[in-house]
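Everything below concerns the one structure shown next.
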Amino acid sequence: MMSDRVIGKFESKVLLLKIAFAIIFIVFVGRLIWLQVFQRQQFLEAALNQQNMTIEIQAKRGTIYDRYNRVLAQDIDSYSYYCVPRKITDKVGFARTLSSILGDKDWLNKFANHPKFLWVARKTTPEIQAKLDNCGLDTLYRTIEPRRVYPWGDLALSLIGRVDIDNIGLSGLEKYYQKELCGQNGKLLLTRDARGRSYQFLEKPVVQPVNGASIVISIDLDLQQIVEQELAAAIEENNAKYGLAIFENVATGEILACASLDSTGAPDRRNRPICDQYEPGSTFKVIAVGAALESGLFNPATIVFVENGKYRVDDRIIRDDHSYSNLSVEDIVVYSSNIGAAKLGLKLGDKLIYKMIKQSGFSMPLGIDFPGEASGSIDKLGWRQHYLANVCFGHGIAATPLQMMALYGAIASGGQLYRPYFGKEVIYDDGHREPLNHVQPIRNIMLPETALTISRFLREVVVRGTATKADSAAVTIAGKTGTALKISENGGYDHGKSRASFIGYFPANMPQVAGIVIFDEPKKSKYGGEVSAPVFRAIAERYSMIPTKLSSLYQSGGIIENRVLPPKNQPGRKPINDFAAKAQTVAYTVEQGGVPDFKGLTIRRALMLARNSGYECDFEGSGIVIEQFPAPGELAQPGITIKLRCASSELSSSK
């Protein structure tokens with residue numbers, strides 16, 4: 001018999017084995033629980049990843065509409081094609097077939113670099129789609145993706161912009177309003193079939209995409225087309241390097257058209273009216289003239305000796321294109337005297353000129369909703385005399401076409417500078433609308449009386465000055481020509497190269513639309529009055545002839561009705577032909593010689609209409625005009641005072 005000691009040792013060993021097995025069992029079960037419970041999802045995903053692949057699917061991008069809800073950019077469904085290279089048996093033949101359709105020769109390298117999934121062709125056109133559908137490649141698959149299309153082709157290209165293959169805005173308003181337009185992408189699961197051979201997307205997305213919101217912009221498609229057509233024709237006629245134009249609603253700052261075309265007349269991808277800056281030349285003279293009138297040292301009839309066309313300042317010579325001895329302040333603008341503008345500035349001093357420049361919005365962005373707005377530039381104070389003189393006729397300062405247009409828009413609106421903008425509304429999927437921008441006055445850059453006086457000068461520029469080729473019998477136009485010489489490679493100005501411009505607004509006696517037209521290095525003539533003024537006139541005439549266009553702008557600017565006095569007969573004016581006479585009966589509602597109808601106009605608009613009609617105004621109350629004496633249409637001597645009673649729009653509507 002075994003001794004108790006031996007039995008005890010045996011039992012101890014058995015116990016140790018039991019404990020060891022128990023520990024092993026506990027560790028095994030614990031590990032099993034850990035894997036099955038706590039890491040279950042991780043292993044499931046790993047297993048799925050060996051069989052499936054998650055691919056991002058794009059949300060539909062919002063539509064871009066013009067101010068009249070016409071589509072400028074939208075998404076449509078298109079087919080995208082893909083393959084799983086590691087499942088392709090004949091890669092050489094597969095690559096050869098794709099090369100014959102798509103032209104790319106590097107397919108074998110792409111197969112090697114992307115063995116699990118490879119996009120072959122995305123967002124295909126119907127022509128490519130038909131070829132790929134019938135190419136005979138069984139392991140070529142397709143799915144639906146949104147493709148961005150522009151129904152009007154390259155119209156407003158630099159303005160609207162473009163998107164990349166993933167529908168992300170690259171330029172223009174597509175880029176600026178990316179957040180509103182883009183939406184949120186979803187996810188699709190790419191999985192094998194039962195035999196593990198072909199790969200297909202599941203019908204339902206793992207994550208549903210959320211479509212982007214749509215936006216309405218201020219552009220008028222009709223005016224945009226007119227502007228681009230007239231620019232293209234003039235570029236060809238004048239053999240210009242490029243042409244640009246931008247137009248706004250005077251009463252709101254809304255941009256109505258914005259175009260930049262290259263030397264071939266094709267749309268430029270760079271938005272030059274907003275992103276480029278230049279020396280504005282003579283169109284800038286209104287700054288010096290405005291400062292002079294506001295100073296009280298000058299009035300429209302003040303005579304300035306303009307040195308018979310040649311004037312020395314410091315060590316520089318300033319010249320006029322024509323020799324004059326004496327010119328009034330008005331005629332300095334009308335005949336575009338560099339010497340006259342320089343003398344005004346030299347009399348006022350650099351501080352007053354600098355103040356007028358800054359408060360008019362120069363050397364700083366205006367804050368337009370567009371990427372890459374240039375700010376312009378001007379030297380800090382402490383100017384030499386010749387620099388001050390040069391600035392007064394638009395040399396030595398850099399401005400954008402947008403800033404120059406806004407300046408003339410402010411003059412047209414009675415001195416009020418508005419922030420320009422494109423975005424009007426955002427439209428969500430449920431139909432809910434919210435404004436993207438509001439009408440935003442920046443500041444009054446001059447007194448209304450000063451603005452009206454300069455407006456009269458600008459009308460005379462067209463009637464008898466440097467811009468007679470802008471004069472029209474169909475619509476009254478006011479504006480200013482500019483011929484800014486370009487700086488040569490060797491320094492100084494190249495008298496053979498210029499930027500020819502015209503800035504103005506129409507109708508002159510009740511402004512609604514302001515705009516600027518510029519041509520770079522025109523070969524036929526270097527002068528803005530010869531090159532740009534006729535183009536502005538053509539744009540104004542064509543747009544004014546479209547029924548309801550101008551009246552709709554009045555309404556958007558807060559004007560109740562379109563009431564305009566016809567232009568007075570001017571000495572030397574061209575006779576009005578039958579076509580233009582018929583056009584005027586549409587635009588004007590007051591007979592020649594009668595008192596205008598002021599009812600429904602704001603005080604600023606009433607003041608402008610009265611001054612342009614040869615009358616004074618005496619206002620009672622505030623808001624819009626509800627009563628007047630003498631009554632509309634009555635005959636009255638020029639110069640009398642019209643009594644106007646005003647009330648708020650709420651009070652007037654309740655009566």
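Identifiers for the structure tokens are assigned positionally: chains receive A, B, ... in sequence, residues are indexed from 1 per chain, and ligands are indexed from 1 in the order shown.
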
Give me the residues near segment 485-500 of chain A as a short mmCIF file (atom, residue, chain, number, x, y, z; two decimals) with N, CA and C atoms, in the first residue's frame, where near means some atom within 6 Å (using only C-alpha atoms) and where sequence neighbours in that chain fewer than 2 positions away do not count.
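result31.cif was written with the following content:
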```
data_model
loop_
_atom_site.label_atom_id
_atom_site.label_comp_id
_atom_site.auth_asym_id
_atom_site.auth_seq_id
_atom_site.Cartn_x
_atom_site.Cartn_y
_atom_site.Cartn_z
N GLY A 482 -12.49 107.33 -71.38
CA GLY A 482 -11.17 107.21 -70.78
C GLY A 482 -10.19 106.61 -71.77
N THR A 483 -9.00 107.19 -71.84
CA THR A 483 -7.93 106.64 -72.69
C THR A 483 -6.68 106.59 -71.83
N ILE A 518 -14.43 98.29 -71.42
CA ILE A 518 -12.99 98.53 -71.60
C ILE A 518 -12.45 97.59 -72.67
N PHE A 519 -11.56 98.12 -73.51
CA PHE A 519 -10.82 97.31 -74.48
C PHE A 519 -9.32 97.55 -74.27
N ASP A 520 -8.58 96.46 -74.24
CA ASP A 520 -7.13 96.54 -74.02
C ASP A 520 -6.40 96.54 -75.37
N GLU A 521 -5.58 97.56 -75.57
CA GLU A 521 -4.75 97.70 -76.76
C GLU A 521 -5.54 97.57 -78.07
N LYS A 526 -7.02 104.31 -80.31
CA LYS A 526 -6.69 104.14 -78.89
C LYS A 526 -7.67 104.85 -77.97
N TYR A 527 -8.61 105.60 -78.53
CA TYR A 527 -9.47 106.46 -77.73
C TYR A 527 -10.77 105.77 -77.30
N GLY A 528 -11.13 105.99 -76.02
CA GLY A 528 -12.36 105.41 -75.51
C GLY A 528 -13.59 105.93 -76.23
#
```

According to DSSP computed on the backbone, where in segment 218-326 of chain A is there strand (DSSP E)? Give the residues as JSON, numbers by chain. {"A": [242, 243, 244, 245, 246, 247, 248, 249, 255, 256, 257, 258, 259, 260, 261, 303, 304, 305, 310, 311, 312, 313, 316, 317, 318, 319, 326]}

Selection above as a file: C-alpha atoms, as an mmCIF file, in the first residue's frame:
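And here is the file that came out, out-v6.cif:
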```
data_model
loop_
_atom_site.group_PDB
_atom_site.id
_atom_site.type_symbol
_atom_site.label_atom_id
_atom_site.label_comp_id
_atom_site.auth_asym_id
_atom_site.auth_seq_id
_atom_site.Cartn_x
_atom_site.Cartn_y
_atom_site.Cartn_z
ATOM 1 C CA TYR A 242 -9.254 91.632 -74.698
ATOM 2 C CA GLY A 243 -12.539 93.297 -73.791
ATOM 3 C CA LEU A 244 -14.524 93.472 -70.569
ATOM 4 C CA ALA A 245 -17.732 94.968 -69.236
ATOM 5 C CA ILE A 246 -19.739 95.009 -66.039
ATOM 6 C CA PHE A 247 -23.199 96.528 -65.412
ATOM 7 C CA GLU A 248 -25.219 97.101 -62.228
ATOM 8 C CA ASN A 249 -28.640 98.168 -61.036
ATOM 9 C CA ILE A 255 -24.683 93.117 -60.834
ATOM 10 C CA LEU A 256 -26.728 92.598 -64.001
ATOM 11 C CA ALA A 257 -23.960 91.470 -66.370
ATOM 12 C CA CYS A 258 -20.262 90.726 -66.063
ATOM 13 C CA ALA A 259 -18.106 89.587 -68.976
ATOM 14 C CA SER A 260 -14.476 89.195 -69.987
ATOM 15 C CA LEU A 261 -13.524 88.015 -73.497
ATOM 16 C CA ILE A 303 -13.112 129.420 -65.541
ATOM 17 C CA VAL A 304 -9.760 127.636 -65.407
ATOM 18 C CA PHE A 305 -6.825 128.590 -67.634
ATOM 19 C CA LYS A 310 0.785 122.156 -72.396
ATOM 20 C CA TYR A 311 1.545 122.570 -68.670
ATOM 21 C CA ARG A 312 4.681 121.933 -66.593
ATOM 22 C CA VAL A 313 4.380 120.527 -63.071
ATOM 23 C CA ARG A 316 6.921 116.783 -65.894
ATOM 24 C CA ILE A 317 4.891 118.056 -68.831
ATOM 25 C CA ILE A 318 1.108 117.491 -68.846
ATOM 26 C CA ARG A 319 -0.601 117.662 -72.241
ATOM 27 C CA ASN A 326 -9.891 128.718 -70.849
#
```

Enumerate the residues of segment 154-249 of chain A with a DSSP assignment of helix (DSSP H, G or I), computed from the backbone, and present them as a PyMOL selection string. chain A and resi 157-160+172-176+178-182+221-238

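The residue that comes closest to Asn299 of chain A, out of A:Asp90, A:Glu616, A:Glu634, A:Glu330 and on the basis of only C-alpha atoms, is A:Glu330.
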
Fewer than 6 positions away in the same chain doesn't count, so skip those; otherwise give me all residues within 8 Å of Gly183 of chain A, counting only C-alpha atoms, as a PyMOL selection string. chain A and resi 59-62+209-213

Show me, as a ChimeraX atom specification, the residues that have an atom within 6 Å of Ile57 of chain A when counting only C-alpha atoms, minus same-chain residues fewer than 4 positions from it. /A:185-187

Distance query segment 372-378 of chain A at most 10 Å, only C-alpha atoms, self and fewer than 4 positions along chain excluded, as a VMD selection string: chain A and resid 171 to 172 176 271 to 279 354 357 to 358 361 to 368 391 396 to 403

Any chance you could tabulate, as CSV, the residues of segment 203-263 of chain A at most 8 Å from segment 406-426 of chain A with each one's nearest atom pair and distance in Å to one decimal, using only C-alpha atoms, in chain and rising number order?
```
residue,atom,partner,partner_atom,distance
A:Ala213,CA,A:Val426,CA,6.6
A:Ser214,CA,A:Val426,CA,5.7
A:Ile215,CA,A:Val426,CA,4.4
A:Val216,CA,A:Glu425,CA,5.0
A:Ile217,CA,A:Gly423,CA,4.5
A:Ser218,CA,A:Phe422,CA,5.0
A:Ile219,CA,A:Phe422,CA,7.0
A:Glu248,CA,A:Gly409,CA,7.7
A:Val250,CA,A:Gly409,CA,5.3
A:Ala251,CA,A:Ser413,CA,6.4
A:Thr252,CA,A:Tyr418,CA,6.7
A:Gly253,CA,A:Pro420,CA,4.4
A:Glu254,CA,A:Tyr421,CA,5.2
A:Ile255,CA,A:Phe422,CA,5.7
```

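Nearest-residue note for Met446 of chain A: choosing from A:Ile88, A:Thr139, A:Ile287, A:Pro547, the minimum distance belongs to A:Ile287, counting only C-alpha atoms.
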